[in-house]
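Everything below concerns the one structure shown next.
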Amino acid sequence: MITITAATGRYRRLVVEALLRRGIPTNEIVAAVRSPEKAANLAATGVQVREADYDRPETLASAFADSDKVLLVPSADFGQRYPQMVRAIEAAIDAGVGLIAYASFVNTDTSTIRLGEAHKQTEAFIRKSGVPYVMLRNGAYIEVYAGDLGGMDYALISGTLIGSAGTGKISGASREDLAEAAAVVLTSTDQAGKVYELGGTAWTKADLAAAVSQLTGKPLVYQDMPVEAYTQVLVAGGIPQFMAEIIADAGFSATRGDCYTESTDLPCLLGRPSTPLIDVVATTLKRNGLL
Ligand SMILES: NC(=O)c1ccc[n+]([C@@H]2O[C@H](COP(=O)([O-])OP(=O)(O)OC[C@H]3O[C@@H](n4cnc5c(N)ncnc54)[C@H](OP(=O)(O)O)[C@@H]3O)[C@@H](O)[C@H]2O)c1
C-alpha cells in the first residue's frame, strides 16, 4: 500500500494520478486527507480516501495502517510544519511503515532559504528516527513563479515583473514532472537512503519574463529590487507582512544559489528531459486566463 498525505493538495493529487498511470491498482493507493469532504474527485478514481490531519494524531494511526510506503508532504501552514511532520513520522513508524518518502526542498543541506528551515529539521528528525527514508528534494515549482499565486496579470499591465532574485539561476520544474518523479521513486525498489535533488533546466527571472512576453506578445521585462523594497511592494499589494517576507526571501535565495542544482536526478527518474520553462509557463498562463 502506498499512502500519499495531504492528498487534496495540487502536487499530491498529481502523484496519485501518476501512480495510477504507472499501473498501481486503486486499492493499493491511499489518499490521506485532512478534509475527506474535499476529496470526492480522488474517491471517484477508486483510491481509498482516509482522514489524516497532522494536527489530530488520532487520525494518523488509522490512515497509515497497512502502508508499506508513505509520501509525506508538509502542509502550507508554515509555522506548524515541523511539529506536524514529527507527529506524522511518529505515527508512520508506529504503523510499521517500510519507507517514508519526504517531499523536501532542493539543496536542503546548504540552503539558507527561510522556508527551508522546517525541511532541514524534518530531514534530521527522519534520519535520527531510524525509519527507512528517501528524500525528494523538489526544485521550485515553475507554476508558482509563472503566476499561480497571482501577480502576473499586474506584471503584464505594467510591463514589469518585479522580484529580488537578481540573476540567480532557478532549477525550477513543473509540479507534474516532480509528481511523476515521486511516483517513479515510490514504485521502484531499493530507494532507502537515497537523496534526490530534483531540479529542471535552470532559468532566471529575466528568462521567465521573456517567456511570458513571447507567449502573450506583450512587453515584459524583469526588474530587480532590494529584498526590503520588494517586501514593501508585496505588502502594499495586499499580501500579509510575514508572507511578503517569506516570498521576498525565497526570491533573494536564488542570488545565493539556493535554488540551483546541477543534479540530473529529475531527468534520470523521468527518463526524459524535464518539461521546458516555456511549456509550463504557457499552461500556467492559460489556467489563469492570461493566454
Ligand atoms: N517546490 C516549490 O516551489 C514549492 C512551492 C510551493 C509549495 N511547495 C510545497 O508544497 C506544499 C504546500 O503547498 P501547495 O501550494 O501544494 O499547497 P496546497 O495545494 O494548498 O495544499 C496544501 C495541502 O495541505 C493540506 N493540509 C493543510 N493542513 C493540514 C493538516 N493539518 N493535516 C493534513 N493536511 C493538511 C491541505 O488540506 P485541505 O485540502 O484540507 O486544506 C492541502 O491538501 C508544501 O509542502 C510546500 O513545501 C513547494
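A note on labels: chains of the C-alpha cells are A, B, ... as shown, every chain counts residues from 1, and ligands are counted from 1 in their shown order.
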
- Message: At a cut-off of 8 Å around ligand 1, and using only C-alpha atoms and all ligand atoms, what residues come up? Please write them as a count of residues only.
- Response: 39

- Per DSSP on the backbone, filter stretch 144-177 of chain A down to the residues in strand (DSSP E or B) and report them as a ChimeraX atom specification. /A:160-163,170,173

Just the selected residues (all heavy atoms), exported as a short mmCIF file (atom, residue, chain, number, x, y, z; two decimals), in the first residue's frame, please.
```
data_model
loop_
_atom_site.label_atom_id
_atom_site.label_comp_id
_atom_site.auth_asym_id
_atom_site.auth_seq_id
_atom_site.Cartn_x
_atom_site.Cartn_y
_atom_site.Cartn_z
N THR A 160 6.33 45.12 -16.28
CA THR A 160 7.49 44.87 -15.43
C THR A 160 7.19 43.73 -14.46
O THR A 160 6.19 43.78 -13.73
CB THR A 160 7.82 46.13 -14.59
OG1 THR A 160 7.92 47.25 -15.47
CG2 THR A 160 9.14 45.96 -13.86
N LEU A 161 8.07 42.75 -14.46
CA LEU A 161 7.98 41.67 -13.48
C LEU A 161 9.01 41.98 -12.40
O LEU A 161 10.21 42.01 -12.68
CB LEU A 161 8.31 40.33 -14.16
CG LEU A 161 8.25 39.08 -13.28
CD1 LEU A 161 6.83 38.77 -12.84
CD2 LEU A 161 8.84 37.88 -14.03
N ILE A 162 8.54 42.23 -11.19
CA ILE A 162 9.50 42.60 -10.14
C ILE A 162 9.88 41.39 -9.31
O ILE A 162 9.19 40.37 -9.30
CB ILE A 162 8.94 43.71 -9.22
CG1 ILE A 162 7.61 43.27 -8.60
CG2 ILE A 162 8.82 45.01 -9.97
CD1 ILE A 162 7.15 44.19 -7.49
N GLY A 163 11.00 41.50 -8.61
CA GLY A 163 11.45 40.41 -7.74
C GLY A 163 12.77 40.76 -7.11
O GLY A 163 13.30 41.87 -7.30
N ILE A 170 17.52 29.45 -11.25
CA ILE A 170 16.50 28.69 -10.54
C ILE A 170 16.26 27.39 -11.30
O ILE A 170 15.84 27.41 -12.46
CB ILE A 170 15.18 29.51 -10.45
CG1 ILE A 170 15.45 30.82 -9.69
CG2 ILE A 170 14.08 28.69 -9.79
CD1 ILE A 170 14.34 31.85 -9.81
N ALA A 173 10.96 23.38 -11.83
CA ALA A 173 10.35 22.28 -12.59
C ALA A 173 8.84 22.37 -12.44
O ALA A 173 8.34 23.08 -11.55
CB ALA A 173 10.86 20.94 -12.08
#
```

- Quick one: of A:Val30, A:Arg256, A:Thr264, A:Gly166, who's nearest to A:Arg13, counting only C-alpha atoms? A:Val30

- State, in Å with one decimal place, the distance from atom CA of A:Leu220 to atom CA of A:Gly159.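 That distance, rounded to one decimal, is 4.4 Å.
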
- Between A:Leu71, A:Ala63, A:Val195, A:Ala209, which is the closest to A:Ser263 once you count only C-alpha atoms?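 Of A:Leu71, A:Ala63, A:Val195, A:Ala209, the one nearest A:Ser263, counting only C-alpha atoms, is A:Val195.
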
- Query: Using the chain letters and numbers from this document, which residues of stretch 74-284 of chain A does DSSP assign to alpha helix (DSSP H), as an NGL selection string?
  - Reply: :A and (81-94 or 117-129 or 142-143 or 152-158 or 175-186 or 205-216 or 227-236 or 241-252 or 265-270 or 277-284)

- Record the distance separating atom CA of A:Asp68 and atom CA of A:Thr3, expressed in Å with one decimal.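 Interatomic distance here is 8.0 Å.
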
- Give me the residues within 7 Å of A:Gly257 as a ChimeraX atom specification, counting only C-alpha atoms and dropping any in the same chain fewer than 4 places off. /A:168-169,253

- Message: Can you measure atom CA of A:Pro267 to atom CA of A:Ala18 for me? One decimal in Å is fine.
- Response: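 Separation of atom CA of A:Pro267 and atom CA of A:Ala18: 15.8 Å.
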
- Residue nearest A:Phe125 among A:Ile113, A:Arg137, A:Tyr102, A:Asn288 (counting only C-alpha atoms):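 Closest to A:Phe125 of all the choices is A:Tyr102.
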
- Query: Could you name the residues that touch stretch 183-194 of chain A at 7 Å or less, counting only C-alpha atoms, but leaving out those on the same chain fewer than 5 positions away, as a list in words?
  - Reply: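 What passes the distance filter is Val15, Ala18, Leu19, Leu99, Pro132, Tyr133, Val134, Met135 and Leu269 of chain A.
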
- Counting only C-alpha atoms, which of A:Ile93, A:Ala61, A:Ala244, A:Ile4 gets nearest to A:Thr231? A:Ala244

- Message: Please determine, counting only C-alpha atoms, which residue among A:Ala92, A:Ile247, A:Cys268, A:Leu290 has the shortest atom-to-atom distance to A:Arg114.
- Response: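 Between A:Ala92, A:Ile247, A:Cys268, A:Leu290, the residue approaching A:Arg114 most closely is A:Ile247.
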
- Query: With only C-alpha atoms as the basis for distance, which of A:Ala211, A:Val131, A:Leu42, A:Val227 is at the shortest distance from A:Ala250?
  - Reply: A:Val227

- Using only C-alpha atoms, determine which residues lie at most 12 Å from A:Gly150, disregarding the query and same-chain residues fewer than 5 positions distant; provide the list as a ChimeraX atom specification. /A:143-145,155-156,161,234,237-239,284-285,287-290

Export of prior selection with all heavy atoms as a tab-separated table (two decimals), in the first residue's frame:
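The result, written out as again-v4.tsv:
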```
chain	number	residue	atom	x	y	z
A	143	GLU	N	5.20	26.83	-11.84
A	143	GLU	CA	3.85	27.41	-11.86
A	143	GLU	C	3.69	28.55	-10.86
A	143	GLU	O	2.95	29.50	-11.10
A	143	GLU	CB	2.81	26.31	-11.54
A	143	GLU	CG	2.68	25.24	-12.61
A	143	GLU	CD	3.61	24.05	-12.37
A	143	GLU	OE1	4.65	24.21	-11.69
A	143	GLU	OE2	3.30	22.96	-12.88
A	144	VAL	N	4.37	28.42	-9.72
A	144	VAL	CA	4.29	29.49	-8.71
A	144	VAL	C	4.92	30.76	-9.25
A	144	VAL	O	4.36	31.85	-9.14
A	144	VAL	CB	4.97	29.02	-7.40
A	144	VAL	CG1	5.11	30.19	-6.42
A	144	VAL	CG2	4.17	27.88	-6.77
A	145	TYR	N	6.08	30.63	-9.90
A	145	TYR	CA	6.75	31.80	-10.47
A	145	TYR	C	5.96	32.37	-11.65
A	145	TYR	O	6.04	33.55	-11.94
A	145	TYR	CB	8.17	31.42	-10.93
A	145	TYR	CG	9.14	31.29	-9.78
A	145	TYR	CD1	9.19	30.13	-9.01
A	145	TYR	CD2	9.98	32.33	-9.45
A	145	TYR	CE1	10.06	30.01	-7.95
A	145	TYR	CE2	10.86	32.23	-8.39
A	145	TYR	CZ	10.90	31.06	-7.64
A	145	TYR	OH	11.75	30.97	-6.59
A	155	ALA	N	1.75	42.29	-13.62
A	155	ALA	CA	3.04	42.43	-14.31
A	155	ALA	C	2.81	42.72	-15.79
A	155	ALA	O	3.49	43.57	-16.39
A	155	ALA	CB	3.85	41.15	-14.13
A	156	LEU	N	1.83	42.04	-16.37
A	156	LEU	CA	1.57	42.24	-17.80
A	156	LEU	C	1.00	43.62	-18.09
A	156	LEU	O	1.27	44.21	-19.14
A	156	LEU	CB	0.65	41.13	-18.33
A	156	LEU	CG	1.37	39.80	-18.59
A	156	LEU	CD1	0.37	38.66	-18.79
A	156	LEU	CD2	2.30	39.91	-19.80
A	161	LEU	N	8.07	42.75	-14.46
A	161	LEU	CA	7.98	41.67	-13.48
A	161	LEU	C	9.01	41.98	-12.40
A	161	LEU	O	10.21	42.01	-12.68
A	161	LEU	CB	8.31	40.33	-14.16
A	161	LEU	CG	8.25	39.08	-13.28
A	161	LEU	CD1	6.83	38.77	-12.84
A	161	LEU	CD2	8.84	37.88	-14.03
A	234	LEU	N	5.03	44.06	-2.03
A	234	LEU	CA	4.10	42.94	-1.85
A	234	LEU	C	3.06	43.28	-0.79
A	234	LEU	O	1.87	43.00	-0.95
A	234	LEU	CB	4.86	41.67	-1.46
A	234	LEU	CG	5.78	41.07	-2.55
A	234	LEU	CD1	6.64	39.94	-1.98
A	234	LEU	CD2	4.95	40.54	-3.73
A	237	GLY	N	0.54	45.50	-2.01
A	237	GLY	CA	-0.37	44.79	-2.90
A	237	GLY	C	-1.35	43.89	-2.15
A	237	GLY	O	-2.11	43.14	-2.78
A	238	GLY	N	-1.29	43.93	-0.81
A	238	GLY	CA	-2.29	43.20	-0.03
A	238	GLY	C	-1.81	41.88	0.58
A	238	GLY	O	-2.59	41.16	1.20
A	239	ILE	N	-0.53	41.58	0.39
A	239	ILE	CA	-0.02	40.33	0.95
A	239	ILE	C	0.40	40.57	2.41
A	239	ILE	O	1.06	41.57	2.69
A	239	ILE	CB	1.17	39.81	0.11
A	239	ILE	CG1	0.62	39.43	-1.28
A	239	ILE	CG2	1.86	38.62	0.76
A	239	ILE	CD1	1.65	38.96	-2.26
A	284	THR	N	0.40	27.45	-17.42
A	284	THR	CA	0.01	28.23	-16.24
A	284	THR	C	-0.76	29.48	-16.65
A	284	THR	O	-1.80	29.82	-16.05
A	284	THR	CB	1.26	28.62	-15.42
A	284	THR	OG1	2.01	27.44	-15.16
A	284	THR	CG2	0.88	29.28	-14.11
A	285	LEU	N	-0.27	30.17	-17.69
A	285	LEU	CA	-0.97	31.38	-18.14
A	285	LEU	C	-2.38	31.03	-18.62
A	285	LEU	O	-3.34	31.75	-18.33
A	285	LEU	CB	-0.18	32.06	-19.28
A	285	LEU	CG	1.16	32.68	-18.90
A	285	LEU	CD1	1.87	33.21	-20.15
A	285	LEU	CD2	0.99	33.81	-17.88
A	287	ARG	N	-4.23	28.47	-17.65
A	287	ARG	CA	-5.07	28.11	-16.49
A	287	ARG	C	-5.55	29.36	-15.76
A	287	ARG	O	-6.63	29.39	-15.20
A	287	ARG	CB	-4.27	27.21	-15.53
A	287	ARG	CG	-5.12	26.67	-14.39
A	287	ARG	CD	-4.42	25.64	-13.53
A	287	ARG	NE	-3.10	26.03	-13.12
A	287	ARG	CZ	-1.97	25.45	-13.48
A	287	ARG	NH1	-2.01	24.39	-14.28
A	287	ARG	NH2	-0.80	25.86	-13.05
A	288	ASN	N	-4.73	30.40	-15.80
A	288	ASN	CA	-5.09	31.62	-15.07
A	288	ASN	C	-5.73	32.68	-15.97
A	288	ASN	O	-5.82	33.85	-15.61
A	288	ASN	CB	-3.84	32.18	-14.36
A	288	ASN	CG	-3.39	31.22	-13.25
A	288	ASN	OD1	-4.21	30.71	-12.50
A	288	ASN	ND2	-2.11	30.95	-13.17
A	289	GLY	N	-6.13	32.24	-17.18
A	289	GLY	CA	-6.87	33.15	-18.06
A	289	GLY	C	-6.04	34.26	-18.67
A	289	GLY	O	-6.57	35.30	-19.09
A	290	LEU	N	-4.73	34.09	-18.72
A	290	LEU	CA	-3.86	35.14	-19.26
A	290	LEU	C	-3.37	34.81	-20.66
A	290	LEU	O	-2.59	35.57	-21.24
A	290	LEU	CB	-2.67	35.37	-18.32
A	290	LEU	CG	-3.05	35.89	-16.92
A	290	LEU	CD1	-1.85	35.91	-15.99
A	290	LEU	CD2	-3.65	37.29	-17.02
```
